[in-house]
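So this one's query.csv, CSV, C-alpha atoms:
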chain,number,residue,atom,x,y,z
A,396,MET,CA,28.4,-60.2,-4.1
A,397,LEU,CA,29.8,-57.8,-6.7
A,398,GLN,CA,26.3,-56.8,-7.8
A,399,LEU,CA,25.3,-56.2,-4.1
A,400,LEU,CA,28.4,-54.0,-3.6
A,401,LEU,CA,27.6,-52.1,-6.8
A,402,ARG,CA,24.0,-51.5,-5.6
A,403,ILE,CA,25.2,-50.3,-2.2
A,404,GLY,CA,27.6,-48.0,-3.9
A,405,LEU,CA,25.0,-46.5,-6.1
A,406,LEU,CA,22.7,-46.1,-3.1
A,407,CYS,CA,25.4,-44.3,-1.2
A,408,LEU,CA,26.0,-42.0,-4.2
A,409,ALA,CA,22.3,-41.2,-4.4
A,410,VAL,CA,22.1,-40.4,-0.7
A,411,CYS,CA,25.2,-38.2,-1.0
A,412,ALA,CA,23.8,-36.4,-4.0
A,413,ASN,CA,20.5,-35.7,-2.2
A,414,ALA,CA,22.4,-34.5,0.9
A,415,ALA,CA,24.5,-32.2,-1.3
A,416,ALA,CA,21.3,-30.9,-2.9
A,417,SER,CA,19.6,-30.4,0.5
A,418,PRO,CA,21.7,-28.4,2.9
A,419,SER,CA,21.0,-28.5,6.6
A,420,SER,CA,21.1,-24.7,6.8
A,421,VAL,CA,19.5,-21.9,4.7
A,422,THR,CA,19.2,-18.1,5.0
A,423,CYS,CA,15.8,-16.6,5.5
A,424,VAL,CA,15.4,-12.9,4.5
A,425,THR,CA,12.4,-10.7,5.2
A,426,GLU,CA,11.4,-7.1,5.9
A,427,GLU,CA,10.0,-5.3,8.9
A,428,ASN,CA,6.3,-6.0,8.2
A,429,ARG,CA,4.3,-6.4,11.4
A,430,PRO,CA,2.3,-8.6,12.2
A,431,VAL,CA,3.6,-11.2,9.8
A,432,ASN,CA,7.3,-10.7,10.1
A,433,PHE,CA,9.2,-8.2,12.3
A,434,LEU,CA,11.9,-7.6,14.8
A,435,GLU,CA,11.1,-7.7,18.5
A,436,ASN,CA,13.8,-7.5,21.2
A,437,GLY,CA,16.4,-8.4,18.6
A,438,LYS,CA,14.5,-11.5,17.4
A,439,VAL,CA,12.6,-12.1,14.2
A,440,THR,CA,9.0,-13.0,15.0
A,441,GLY,CA,5.4,-12.7,13.6
A,442,PHE,CA,2.8,-15.1,12.2
A,443,SER,CA,4.7,-16.0,9.0
A,444,THR,CA,8.0,-16.3,10.9
A,445,GLU,CA,6.5,-18.8,13.3
A,446,VAL,CA,4.9,-20.8,10.4
A,447,ILE,CA,8.4,-21.0,8.8
A,448,GLU,CA,10.0,-22.0,12.1
A,449,ALA,CA,7.5,-24.9,12.3
A,450,VAL,CA,8.4,-26.0,8.8
A,451,LEU,CA,12.1,-25.9,9.7
A,452,ARG,CA,11.6,-28.1,12.7
A,453,GLU,CA,9.6,-30.5,10.6
A,454,ILE,CA,12.3,-30.9,7.9
A,455,ASN,CA,15.2,-30.5,10.3
A,456,VAL,CA,16.8,-27.5,8.6
A,457,HIS,CA,18.3,-24.5,10.4
A,458,CYS,CA,17.7,-21.0,9.2
A,459,ASP,CA,19.6,-17.8,9.7
A,460,PHE,CA,16.8,-15.1,9.8
A,461,GLN,CA,17.8,-11.7,8.6
A,462,VAL,CA,15.6,-8.6,8.5
A,463,MET,CA,16.5,-6.0,5.8
A,464,PRO,CA,14.9,-3.5,3.5
A,465,TRP,CA,12.6,-5.3,1.1
A,466,ALA,CA,14.4,-4.3,-2.1
A,467,ARG,CA,17.6,-5.8,-0.7
A,468,ALA,CA,15.8,-9.0,0.5
A,469,TYR,CA,14.2,-9.4,-2.9
A,470,THR,CA,17.5,-9.0,-4.8
A,471,THR,CA,19.4,-11.3,-2.4
A,472,ALA,CA,16.9,-14.1,-2.8
A,473,LEU,CA,16.6,-13.7,-6.5
A,474,HIS,CA,20.4,-14.0,-7.1
A,475,SER,CA,21.6,-16.3,-4.3
A,476,GLU,CA,21.4,-20.0,-3.7
A,477,ASN,CA,19.5,-21.4,-0.7
A,478,VAL,CA,18.0,-18.1,0.3
A,479,LEU,CA,14.3,-18.2,1.4
A,480,ILE,CA,12.3,-15.0,1.1
A,481,PHE,CA,9.0,-14.2,2.9
A,482,SER,CA,6.4,-12.9,3.0
A,483,ILE,CA,6.2,-12.2,-0.8
A,484,LEU,CA,3.2,-11.7,-3.0
A,485,ARG,CA,2.9,-14.0,-5.9
A,486,THR,CA,2.2,-12.0,-9.0
A,487,PRO,CA,2.3,-12.8,-12.7
A,488,GLU,CA,5.5,-10.7,-13.1
A,489,ARG,CA,7.2,-12.7,-10.4
A,490,GLU,CA,5.9,-16.2,-11.4
A,491,GLN,CA,9.0,-17.3,-13.3
A,492,LEU,CA,11.5,-15.5,-11.2
A,493,PHE,CA,11.1,-17.6,-8.0
A,494,LYS,CA,10.5,-21.2,-6.9
A,495,TRP,CA,7.3,-20.9,-4.9
A,496,VAL,CA,6.9,-23.0,-1.7
A,497,GLY,CA,3.5,-22.0,-0.4
A,498,VAL,CA,1.3,-19.5,1.5
A,499,VAL,CA,2.6,-18.5,4.9
A,500,SER,CA,0.2,-15.7,5.8
A,501,PRO,CA,-3.6,-15.2,6.2
A,502,PRO,CA,-5.7,-13.9,3.3
A,503,ASP,CA,-4.9,-10.2,2.8
A,504,SER,CA,-5.8,-7.4,0.3
A,505,SER,CA,-3.8,-4.4,-1.1
A,506,TYR,CA,-5.3,-0.9,-1.1
A,507,LEU,CA,-4.4,2.7,-1.7
A,508,PHE,CA,-5.3,4.0,1.7
A,509,ALA,CA,-6.0,7.7,2.5
A,510,LEU,CA,-6.6,9.5,5.8
A,511,ARG,CA,-10.4,9.7,6.4
A,512,GLU,CA,-10.1,13.3,7.3
A,513,ARG,CA,-8.8,14.2,3.8
A,514,ASN,CA,-12.0,13.0,2.2
A,515,LEU,CA,-10.3,12.0,-1.1
A,516,LYS,CA,-12.4,10.6,-3.8
A,517,ILE,CA,-10.8,8.1,-6.2
A,518,GLY,CA,-13.0,6.3,-8.7
A,519,SER,CA,-10.3,4.5,-10.6
A,520,LEU,CA,-6.6,3.9,-10.8
A,521,SER,CA,-6.2,6.7,-13.3
A,522,ASP,CA,-7.6,9.1,-10.8
A,523,ALA,CA,-4.7,8.2,-8.5
A,524,LEU,CA,-2.2,9.6,-11.1
A,525,ASN,CA,-3.0,13.0,-9.7
A,526,TYR,CA,-1.7,12.2,-6.2
A,527,LYS,CA,1.5,11.4,-4.4
A,528,ILE,CA,1.6,7.7,-3.3
A,529,GLY,CA,3.8,6.3,-0.5
A,530,THR,CA,5.2,2.9,-1.4
A,531,ILE,CA,7.7,0.3,-0.2
A,532,ASN,CA,10.8,0.1,-2.5
A,533,GLY,CA,10.5,-2.9,-4.7
A,534,ASP,CA,7.4,-4.4,-3.3
A,535,ALA,CA,4.5,-5.9,-5.3
A,536,ARG,CA,2.3,-2.8,-5.0
A,537,GLU,CA,5.0,-0.5,-6.2
A,538,GLN,CA,5.9,-2.8,-9.1
A,539,TYR,CA,2.2,-3.0,-10.0
A,540,LEU,CA,1.7,0.7,-10.0
A,541,GLU,CA,4.8,1.2,-12.1
A,542,SER,CA,3.4,-1.3,-14.6
A,543,LYS,CA,0.3,0.9,-14.9
A,544,GLY,CA,2.3,4.1,-15.7
A,545,PHE,CA,3.0,5.5,-12.3
A,546,VAL,CA,6.5,7.0,-12.0
A,547,LYS,CA,8.9,6.8,-9.0
A,548,GLY,CA,9.8,10.3,-8.0
A,549,LEU,CA,6.7,11.7,-9.5
A,550,GLN,CA,3.6,9.9,-8.3
A,551,LEU,CA,5.4,7.1,-6.4
A,552,HIS,CA,7.5,7.9,-3.3
A,553,GLY,CA,9.4,4.8,-2.1
A,554,ASN,CA,10.5,4.1,1.5
A,555,ALA,CA,12.2,1.2,3.2
A,556,LEU,CA,9.6,0.8,6.1
A,557,PRO,CA,5.8,0.8,6.3
A,558,ARG,CA,6.0,2.9,9.4
A,559,THR,CA,7.9,5.6,7.5
A,560,THR,CA,5.3,5.7,4.8
A,561,TYR,CA,2.5,5.9,7.3
A,562,GLU,CA,4.2,8.8,9.0
A,563,LYS,CA,4.5,10.6,5.7
A,564,LEU,CA,0.8,10.0,5.1
A,565,LYS,CA,-0.1,11.6,8.4
A,566,LEU,CA,2.2,14.6,7.7
A,567,GLY,CA,0.6,15.2,4.3
A,568,ARG,CA,3.9,14.5,2.5
A,569,VAL,CA,2.0,11.8,0.5
A,570,ASP,CA,-1.7,11.6,-0.3
A,571,LEU,CA,-2.1,7.9,-0.5
A,572,TRP,CA,-0.5,4.8,1.0
A,573,ALA,CA,-0.1,1.6,-1.1
A,574,MET,CA,-0.2,-1.1,1.6
A,575,SER,CA,-1.4,-4.5,2.8
A,576,GLU,CA,-4.6,-4.2,4.8
A,577,LEU,CA,-3.2,-6.4,7.6
A,578,VAL,CA,-0.1,-4.2,8.0
A,579,ALA,CA,-1.9,-0.9,7.7
A,580,GLN,CA,-4.4,-1.8,10.3
A,581,ASP,CA,-1.8,-3.1,12.7
A,582,LEU,CA,0.3,0.1,12.4
A,583,VAL,CA,-2.7,2.3,13.2
A,584,ARG,CA,-3.6,0.1,16.2
A,585,GLN,CA,0.0,0.3,17.5
A,586,GLU,CA,-0.5,4.0,17.8
A,587,GLY,CA,-3.8,3.6,19.7
A,588,GLY,CA,-6.0,4.4,16.8
A,589,ASP,CA,-9.0,2.8,15.2
A,590,PRO,CA,-8.2,1.9,11.6
A,591,ASN,CA,-11.8,2.4,10.5
A,592,HIS,CA,-11.7,6.0,11.9
A,593,VAL,CA,-8.2,6.9,10.8
A,594,LEU,CA,-8.0,5.3,7.3
A,595,VAL,CA,-10.3,4.9,4.3
A,596,ARG,CA,-9.8,2.3,1.6
A,597,ALA,CA,-9.6,4.7,-1.3
A,598,LEU,CA,-9.0,2.1,-4.0
A,599,HIS,CA,-8.7,-1.7,-3.9
A,600,LEU,CA,-5.8,-3.0,-5.9
A,601,SER,CA,-7.8,-6.0,-6.9
A,602,GLU,CA,-5.4,-7.3,-9.6
A,603,LEU,CA,-2.9,-8.2,-6.8
A,604,GLY,CA,-5.4,-10.7,-5.4
A,605,ASP,CA,-6.7,-11.2,-1.9
A,606,GLY,CA,-4.8,-14.4,-0.9
A,607,GLY,CA,-1.9,-14.8,1.5
A,608,SER,CA,1.7,-14.1,0.9
A,609,TYR,CA,4.2,-16.8,0.1
A,610,MET,CA,7.7,-18.1,1.0
A,611,ALA,CA,9.9,-18.7,-2.0
A,612,PHE,CA,13.4,-19.4,-3.2
A,613,GLY,CA,15.3,-17.9,-6.1
A,614,PRO,CA,16.0,-19.9,-9.3
A,615,LYS,CA,19.5,-20.9,-8.1
A,616,THR,CA,18.2,-23.1,-5.3
A,617,ASP,CA,18.0,-26.8,-6.0
A,618,GLU,CA,14.5,-28.1,-6.6
A,619,HIS,CA,15.0,-30.9,-4.2
A,620,LEU,CA,15.4,-28.5,-1.3
A,621,VAL,CA,12.4,-26.5,-2.5
A,622,GLU,CA,10.3,-29.7,-2.5
A,623,ARG,CA,11.4,-30.5,1.0
A,624,PHE,CA,10.0,-27.1,2.2
A,625,ARG,CA,6.8,-27.6,0.2
A,626,LYS,CA,6.2,-31.0,1.9
A,627,GLY,CA,7.1,-29.6,5.3
A,628,LEU,CA,4.6,-26.8,4.9
A,629,GLU,CA,1.9,-29.2,3.8
A,630,THR,CA,2.5,-31.3,6.9
A,631,VAL,CA,2.4,-28.2,9.2
A,632,LYS,CA,-0.9,-27.2,7.7
A,633,ALA,CA,-2.3,-30.8,7.9
A,634,ARG,CA,-1.5,-31.0,11.6
A,635,GLY,CA,-3.3,-27.8,12.4
A,636,THR,CA,-0.2,-25.8,13.3
A,637,PHE,CA,-0.9,-23.2,10.7
A,638,ALA,CA,-4.5,-22.7,12.0
A,639,ALA,CA,-3.4,-22.6,15.6
A,640,LEU,CA,-0.8,-19.9,14.8
A,641,GLN,CA,-3.4,-17.9,12.9
A,642,LYS,CA,-5.7,-18.0,15.9
A,643,LYS,CA,-2.8,-16.9,18.1
A,644,TRP,CA,-1.8,-13.9,16.0
A,645,PHE,CA,-5.2,-12.8,14.6
What would the structure in this file look like if it were written as structure tokens?
Amino acid sequence: MLQLLLRIGLLCLAVCANAAASPSSVTCVTEENRPVNFLENGKVTGFSTEVIEAVLREINVHCDFQVMPWARAYTTALHSENVLIFSILRTPEREQLFKWVGVVSPPDSSYLFALRERNLKIGSLSDALNYKIGTINGDAREQYLESKGFVKGLQLHGNALPRTTYEKLKLGRVDLWAMSELVAQDLVRQEGGDPNHVLVRALHLSELGDGGSYMAFGPKTDEHLVERFRKGLETVKARGTFAALQKKWF
């Protein structure tokens, strides 16, 4: 009987420990980045948002969604516990900084875009050093360009929102626009334009890859919770929910 009680006690301790390591609520931070995550009528929506909502239902975790400038979202997730960030590119520089859950967006590519009417010719990344480039503060494309010798305030002109950067491109305040293809095309279409007529892919930032963006936690989040999210995402994809949402949005 004593051994049985001890086993029950140890089991209870294990369950309590797992419960403490896996909270029933987390904070989800993201940026205004249509069509994968954005605010509409006061609610966070978009393809990646709906994928994450499906995961949350699967693992029975509540999430407080918050939209903020990317640089703030990045810092918040990096230095806080139980904060999920999406949609974030997985780069070698970021690999050890975050605990990666999985891909929550369709395949995408990063480019330096130019207005087709400008007829800019860029043969290599070094050619782009001669131009002003609109970026998003703290995002992977800006970080990549900085690693290649581009300087903020000189070649790089950071903004909080993709739409602001696109407006600067149209006004001629920047020459190039470092952006995801999905987001760039969506912004042009929102304004009634044809992306193939308005923009040209001046240079493919191929080192950033062409896969989808991720959801991830910062290093302070317990691995048990991260693993719950990984398994939840795997289940959502295996059931076909991810594919159905991709068909809905794209």
Please identify all polymer residues within 6 Å of range 482-494 of chain A, counting all atoms listed in the file, omitting same-chain residues fewer than 4 positions from it, and present them as a list in words.
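My reading of the contact set: Ser608, Tyr609, Met610, Ala611, Phe612, Gly613 and Pro614 of chain A.
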Polymer residues at most 7 Å from Val595 in chain A, only C-alpha atoms, same-chain spacing of 5 or more positions, as an mmCIF file with C-alpha atoms, in the coordinates of the input:
data_model
loop_
_atom_site.group_PDB
_atom_site.id
_atom_site.type_symbol
_atom_site.label_atom_id
_atom_site.label_comp_id
_atom_site.auth_asym_id
_atom_site.auth_seq_id
_atom_site.Cartn_x
_atom_site.Cartn_y
_atom_site.Cartn_z
ATOM 1 C CA PHE A 508 -5.300 4.000 1.700
ATOM 2 C CA ALA A 509 -6.000 7.700 2.500
ATOM 3 C CA LEU A 510 -6.600 9.500 5.800
ATOM 4 C CA ARG A 511 -10.400 9.700 6.400
#
Distance of CA of Glu445 in chain A from CA of Gly529 in chain A, expressed in Å to one decimal place:
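Separation between CA of Gly529 in chain A and CA of Glu445 in chain A: 28.8 Å.
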Between CA of Asp589 in chain A and CA of Met574 in chain A - distance in Å to one decimal
16.7 Å
Determine, counting only C-alpha atoms, every residue of protein, DNA or RNA that lies within 12 Å of (-3.2, -7.9, 13.6) in the file coordinates, then give the result as number ranges by chain.
A: 428-432, 441-442, 500-501, 503, 575-585, 590, 641-645
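Between CA of Ile447 in chain A and CA of Tyr469 in chain A lies a distance of 17.5 Å.
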For Phe433 in chain A, which of A:Gln461, A:Thr470, A:Ser420, A:Asn525 is the closest residue, counting all atoms listed in the file?
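Checking each candidate against Phe433 in chain A, we get A:Gln461 as the closest.
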Give me the residues of range 408-526 of chain A that have any atom at most 7 Å from an atom of range 553-569 of chain A; for each, the nearest atom pair and the distance in Å, rounded to one decimal. Use all atoms listed in the file, sort by chain and number, and format it as a Markdown table.
| residue | atom | partner | partner_atom | distance |
| --- | --- | --- | --- | --- |
| A:Glu427 | CA | A:Leu556 | CA | 6.7 |
| A:Pro464 | CA | A:Ala555 | CA | 5.4 |
| A:Trp465 | CA | A:Ala555 | CA | 6.8 |
Residue nearest Ser601 in chain A among A:Asn455, A:Ser475, A:Ser504, A:Thr425 (counting all atoms listed in the file)
A:Ser504
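Using only C-alpha atoms, the shortest contact distance between Ser505 in chain A and any of A:Leu551, A:Ala468, A:Leu540, A:Ile480 is found at A:Leu540.
Closest to Val446 in chain A among A:Leu549, A:Leu600, A:Val498, A:Val621 is A:Val498, based on only C-alpha atoms.
Distances to Val450 in chain A were evaluated for A:Ala523, A:Val496, A:Ile531, A:Leu571 using all atoms listed in the file, and the minimum falls at A:Val496.
Shortest atom-to-atom contact with Arg596 in chain A among A:Val421, A:Val631, A:Ile517, A:Ala638: A:Ile517, counting only C-alpha atoms.
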